$ cat data00.cif   # mmCIF, C-alpha atoms
data_target
#
loop_
_atom_site.label_atom_id
_atom_site.label_comp_id
_atom_site.auth_asym_id
_atom_site.auth_seq_id
_atom_site.Cartn_x
_atom_site.Cartn_y
_atom_site.Cartn_z
CA MET R 1 -185.13 -33.08 123.97
CA THR R 2 -181.37 -32.90 123.41
CA LYS R 3 -180.83 -35.49 126.14
CA LYS R 4 -183.22 -37.90 124.37
CA ILE R 5 -181.36 -37.45 121.08
CA ILE R 6 -178.00 -38.14 122.74
CA ILE R 7 -179.40 -41.28 124.41
CA ALA R 8 -180.93 -42.43 121.10
CA ILE R 9 -177.60 -41.90 119.30
CA ALA R 10 -175.73 -43.78 122.07
CA VAL R 11 -178.19 -46.70 121.91
CA PHE R 12 -178.04 -46.75 118.10
CA THR R 13 -174.20 -46.68 118.20
CA ALA R 14 -174.08 -49.51 120.77
CA VAL R 15 -176.45 -51.65 118.68
CA ALA R 16 -174.42 -50.94 115.53
CA ILE R 17 -171.20 -51.94 117.31
CA LEU R 18 -172.79 -55.17 118.57
CA ILE R 19 -174.09 -56.04 115.09
CA THR R 20 -170.70 -55.27 113.50
CA ALA R 21 -168.91 -57.39 116.12
CA GLY R 22 -171.40 -60.22 115.56
CA VAL R 23 -170.88 -60.14 111.80
CA PHE R 24 -167.10 -60.08 112.25
CA MET R 25 -167.18 -63.02 114.67
CA TRP R 26 -169.47 -65.01 112.38
CA LYS R 27 -167.22 -64.41 109.35
CA HIS R 28 -164.07 -65.14 111.34
CA PHE R 29 -165.30 -68.36 112.90
CA ALA R 30 -167.62 -69.64 110.15
CA GLY R 31 -166.30 -72.97 108.91
CA LYS R 32 -163.90 -73.40 111.81
CA HIS R 33 -166.30 -75.93 113.27
CA MET R 34 -168.89 -77.70 111.20
CA LEU R 35 -172.05 -79.40 112.31
CA ASP R 36 -172.35 -83.12 111.78
CA GLY R 37 -175.63 -84.85 110.95
CA THR R 38 -176.90 -84.75 114.54
CA GLY R 39 -176.21 -81.05 114.99
CA MET R 40 -173.09 -81.57 117.09
CA VAL R 41 -170.08 -79.36 116.45
CA LYS R 42 -167.38 -81.22 114.54
CA PRO R 43 -163.73 -80.06 114.85
CA PRO R 44 -162.06 -79.17 111.53
CA CYS R 45 -159.78 -82.25 111.67
CA PHE R 46 -162.85 -84.42 111.14
CA THR R 47 -163.57 -82.61 107.85
CA ILE R 48 -160.23 -83.62 106.27
CA THR R 49 -160.81 -84.96 102.75
CA SER R 50 -157.20 -85.59 101.71
CA CYS R 51 -153.78 -86.10 103.25
CA ARG R 52 -150.48 -86.25 101.38
CA TYR R 53 -147.15 -87.29 102.89
CA SER R 54 -144.35 -86.43 100.48
CA THR R 55 -140.56 -86.43 100.53
CA GLY R 56 -138.04 -85.06 98.09
CA GLY R 57 -135.16 -82.69 97.54
CA GLY R 58 -132.37 -84.88 98.88
CA MET R 59 -128.97 -85.19 97.23
CA ASP R 60 -129.96 -88.47 95.53
CA GLY R 61 -132.81 -86.76 93.68
CA GLY R 62 -135.45 -89.19 94.88
CA SER R 63 -139.04 -88.31 95.62
CA SER R 64 -142.10 -90.11 96.89
CA TYR R 65 -145.59 -89.55 98.18
CA ILE R 66 -148.52 -91.41 99.66
CA GLU R 67 -151.88 -89.69 99.50
CA VAL R 68 -155.29 -90.70 100.81
CA TYR R 69 -158.23 -88.73 99.47
CA THR R 70 -161.98 -88.83 99.07
CA GLY R 71 -162.98 -88.94 95.41
CA GLU R 72 -165.95 -87.28 93.76
CA ASP R 73 -167.79 -90.60 94.12
CA ASN R 74 -167.32 -90.39 97.95
CA LYS R 75 -165.01 -93.40 97.86
CA THR R 76 -161.61 -93.25 99.54
CA TYR R 77 -158.49 -93.77 97.44
CA LEU R 78 -154.78 -94.13 98.06
CA SER R 79 -152.21 -92.93 95.53
CA TYR R 80 -148.62 -94.06 95.85
CA TYR R 81 -145.53 -92.87 93.98
CA ASP R 82 -141.86 -93.65 94.59
CA CYS R 83 -138.65 -92.92 92.71
CA PRO R 84 -135.80 -93.62 95.16
CA TYR R 85 -133.10 -91.79 93.17
CA ILE R 86 -132.53 -90.06 89.84
CA GLY R 87 -132.84 -92.61 87.02
CA ALA R 88 -134.41 -95.31 89.21
CA GLU R 89 -137.51 -97.19 88.11
CA GLU R 90 -140.62 -95.32 89.20
CA LYS R 91 -143.39 -97.16 90.99
CA SER R 92 -146.91 -95.73 91.18
CA TYR R 93 -150.48 -96.89 91.62
CA THR R 94 -153.88 -95.79 92.88
CA ILE R 95 -156.16 -98.15 94.78
CA GLU R 96 -159.48 -97.87 96.53
CA VAL R 97 -159.22 -98.18 100.29
CA GLY R 98 -161.94 -98.12 102.90
CA THR R 99 -162.97 -95.05 104.86
CA ASP R 100 -160.90 -96.39 107.76
CA ALA R 101 -157.85 -94.83 106.11
CA ILE R 102 -159.16 -91.25 106.19
CA ASN R 103 -160.77 -91.78 109.61
CA GLU R 104 -157.46 -92.98 111.14
CA LEU R 105 -155.73 -89.91 109.75
CA ARG R 106 -158.43 -87.58 111.08
CA ARG R 107 -158.08 -89.04 114.57
CA ALA R 108 -154.29 -88.67 114.49
CA PHE R 109 -154.53 -85.03 113.40
CA TYR R 110 -157.19 -84.36 116.04
CA ARG R 111 -155.06 -85.86 118.86
CA ARG R 112 -152.22 -83.47 118.00
CA SER R 113 -154.47 -80.42 117.29
CA PHE R 114 -152.80 -80.27 113.88
CA LEU R 115 -155.07 -77.69 112.26
CA SER R 116 -154.58 -75.27 115.16
CA TRP R 117 -150.79 -75.03 114.72
CA GLY R 118 -151.11 -72.05 112.40
CA LYS R 119 -148.24 -70.57 110.41
CA LEU R 120 -144.98 -72.07 111.66
CA GLU R 121 -141.57 -70.44 111.63
CA LYS R 122 -138.77 -72.14 109.68
CA SER R 123 -136.31 -74.07 111.83
CA ASP R 124 -132.82 -72.68 112.37
CA LEU R 125 -131.46 -76.21 111.92
CA ILE R 126 -130.58 -76.81 108.28
CA VAL R 127 -129.62 -80.33 107.23
CA LEU R 128 -127.73 -80.00 103.96
CA ASP R 129 -128.58 -82.46 101.18
CA ALA R 130 -131.34 -84.07 103.26
CA PRO R 131 -134.78 -84.61 101.76
CA GLN R 132 -137.64 -82.50 103.03
CA THR R 133 -140.85 -84.12 104.21
CA VAL R 134 -144.21 -82.35 103.88
CA ILE R 135 -147.62 -83.28 105.27
CA SER R 136 -150.48 -81.46 103.58
CA VAL R 137 -154.22 -81.76 104.06
CA THR R 138 -157.39 -80.44 102.47
CA TYR R 139 -160.31 -79.91 104.84
CA GLY R 140 -163.58 -78.09 105.34
CA GLU R 141 -164.73 -76.30 102.20
CA GLY R 142 -161.48 -76.85 100.28
CA GLU R 143 -159.13 -75.20 102.76
CA PHE R 144 -155.47 -76.29 102.63
CA TYR R 145 -152.83 -76.61 105.37
CA SER R 146 -149.34 -78.07 105.29
CA VAL R 147 -146.27 -78.41 107.47
CA SER R 148 -142.73 -79.31 106.56
CA SER R 149 -139.89 -81.08 108.32
CA SER R 150 -138.01 -77.77 108.02
CA ASP R 151 -140.63 -75.94 110.14
CA GLU R 152 -140.24 -75.22 113.84
CA LEU R 153 -142.80 -77.78 115.02
CA PRO R 154 -144.76 -77.64 118.28
CA GLU R 155 -143.89 -80.06 121.07
CA ASP R 156 -144.26 -83.68 119.84
CA GLY R 157 -144.91 -82.31 116.33
CA ASP R 158 -142.10 -84.37 114.85
CA MET R 159 -143.88 -87.50 116.07
CA LEU R 160 -146.80 -86.61 113.80
CA PHE R 161 -144.64 -87.30 110.73
CA THR R 162 -143.90 -90.84 111.95
CA GLU R 163 -147.51 -91.47 112.94
CA ILE R 164 -149.00 -90.23 109.65
CA TYR R 165 -146.48 -92.23 107.61
CA SER R 166 -147.31 -95.38 109.61
CA ILE R 167 -151.04 -94.92 109.08
CA LEU R 168 -150.65 -94.30 105.35
CA ASN R 169 -148.26 -97.22 104.98
CA MET R 170 -150.83 -99.59 106.56
CA PHE R 171 -153.08 -99.02 103.55
CA THR R 172 -150.49 -99.35 100.75
CA LYS R 173 -150.26 -102.60 98.80
CA GLY R 174 -148.61 -105.03 101.15
CA GLY R 175 -147.72 -102.27 103.60
CA ASN R 176 -144.41 -101.51 101.85
#

$ encode --input "data00.cif" --output "structure tokens"
Amino acid sequence: MTKKIIIAIAVFTAVAILITAGVFMWKHFAGKHMLDGTGMVKPPCFTITSCRYSTGGGMDGGSSYIEVYTGEDNKTYLSYYDCPYIGAEEKSYTIEVGTDAINELRRAFYRRSFLSWGKLEKSDLIVLDAPQTVISVTYGEGEFYSVSSSDELPEDGDMLFTEIYSILNMFTKGGN
């Protein structure tokens, strides 16, 4: 009788551990990959709904950004802002762009496994009086991730800044 109780407790404990592990794994990985319309797993980069490329903090006091985002109406927009130095004339506008803009960005982020970089260490190299560049995205169910030019980037990570800027610039008025 005692042996049966010990076996029952061991089986119950093993089942409880498996259920707990399953719940933990589901919570940990839920949303990391989303299903598309056909039931295929879609990497998080393909759920990006906005991307902002911004610069600022240099000694001239200038700042700028280009942002592509999906609006509440499911249309894709581009917002542009530029003030090259303190006291300069500011230029800004928002235009509707096609979904090609967000799709190009998603592909670029996917190629470089951008959303898997995780928390990056700050670089030991400090460029005094230089502007800082930041790429930030919103993806999935409103999750946010950003990297900065002052971060210790993975191999070829610095090329992402050039690539994202080029893609965003293609969709600005006149490609300025």

$ resolve_selection --input "data00.cif" --expression "the PyMOL selection byres ((chain R and resi 64) around 10)" --output "VMD selection string"
chain R and resid 53 to 56 62 to 63 65 to 66 80 to 85 90 to 92 133

$ atom_distance --input "data00.cif" --atom1 "atom CA of Thr172 of chain R" --atom2 "atom CA of Gly142 of chain R"
25.0 Å

$ axis_aligned_box --input "data00.cif" --around "segment 77-94 of chain R" --padding-each-side "4 Å" --output "AutoDock Vina command-line options"
--center_x -145.5 --center_y -93.6 --center_z 92.5 --size_x 34.0 --size_y 15.1 --size_z 19.0

$ closest_residue --input "data00.cif" --among "R:Ile135, R:Leu153, R:Ile48, R:Ile164" --to "Ile102 of chain R" --atoms "only C-alpha atoms"
R:Ile48

$ residues_near_point --input "data00.cif" --point "(-129.0, -85.8, 100.6)" --cutoff "9 Å" --atoms "all atoms listed in the file" --output "list in words"
Gly57, Gly58, Met59, Asp60, Gly61, Val127, Leu128, Asp129, Ala130 and Pro131 of chain R

$ atom_distance --input "data00.cif" --atom1 "atom CA of Ser79 of chain R" --atom2 "atom CA of Arg107 of chain R"
20.3 Å

$ atom_distance --input "data00.cif" --atom1 "atom CA of Thr138 of chain R" --atom2 "atom CA of Leu125 of chain R"
27.9 Å

$ closest_residue --input "data00.cif" --among "R:Asp124, R:Phe144, R:Tyr93, R:Ala108" --to "Thr162 of chain R" --atoms "only C-alpha atoms"
R:Ala108

$ closest_residue --input "data00.cif" --among "R:Arg106, R:Arg111, R:Lys75, R:Lys4" --to "Tyr139 of chain R" --atoms "all atoms listed in the file"
R:Arg106

$ residues_near_point --input "data00.cif" --point "(-161.0, -90.0, 97.7)" --cutoff "10 Å" --atoms "only C-alpha atoms" --output "list of chain:residue names"
R:Thr49, R:Ser50, R:Cys51, R:Glu67, R:Val68, R:Tyr69, R:Thr70, R:Gly71, R:Glu72, R:Asp73, R:Asn74, R:Lys75, R:Thr76, R:Tyr77, R:Leu78, R:Ser79, R:Ile95, R:Glu96, R:Val97, R:Gly98, R:Thr99, R:Ile102

$ write_last_selection --input "data00.cif" --atoms "C-alpha atoms" --output "PDB file, in the frame of the given file"
ATOM      1  CA  THR R  49    -160.810 -84.960 102.750  1.00  0.00           C
ATOM      2  CA  SER R  50    -157.200 -85.590 101.710  1.00  0.00           C
ATOM      3  CA  CYS R  51    -153.780 -86.100 103.250  1.00  0.00           C
ATOM      4  CA  GLU R  67    -151.880 -89.690  99.500  1.00  0.00           C
ATOM      5  CA  VAL R  68    -155.290 -90.700 100.810  1.00  0.00           C
ATOM      6  CA  TYR R  69    -158.230 -88.730  99.470  1.00  0.00           C
ATOM      7  CA  THR R  70    -161.980 -88.830  99.070  1.00  0.00           C
ATOM      8  CA  GLY R  71    -162.980 -88.940  95.410  1.00  0.00           C
ATOM      9  CA  GLU R  72    -165.950 -87.280  93.760  1.00  0.00           C
ATOM     10  CA  ASP R  73    -167.790 -90.600  94.120  1.00  0.00           C
ATOM     11  CA  ASN R  74    -167.320 -90.390  97.950  1.00  0.00           C
ATOM     12  CA  LYS R  75    -165.010 -93.400  97.860  1.00  0.00           C
ATOM     13  CA  THR R  76    -161.610 -93.250  99.540  1.00  0.00           C
ATOM     14  CA  TYR R  77    -158.490 -93.770  97.440  1.00  0.00           C
ATOM     15  CA  LEU R  78    -154.780 -94.130  98.060  1.00  0.00           C
ATOM     16  CA  SER R  79    -152.210 -92.930  95.530  1.00  0.00           C
ATOM     17  CA  ILE R  95    -156.160 -98.150  94.780  1.00  0.00           C
ATOM     18  CA  GLU R  96    -159.480 -97.870  96.530  1.00  0.00           C
ATOM     19  CA  VAL R  97    -159.220 -98.180 100.290  1.00  0.00           C
ATOM     20  CA  GLY R  98    -161.940 -98.120 102.900  1.00  0.00           C
ATOM     21  CA  THR R  99    -162.970 -95.050 104.860  1.00  0.00           C
ATOM     22  CA  ILE R 102    -159.160 -91.250 106.190  1.00  0.00           C
TER      23      ILE R 102
END

$ closest_residue --input "data00.cif" --among "R:Leu120, R:Val134, R:Met170, R:Ile126" --to "Glu152 of chain R" --atoms "only C-alpha atoms"
R:Leu120

$ residues_around --input "data00.cif" --residues "Pro154 of chain R" --least-positions-apart "3" --cutoff "9 Å" --atoms "all atoms listed in the file" --output "ChimeraX atom specification"
/R:117,120,157-158
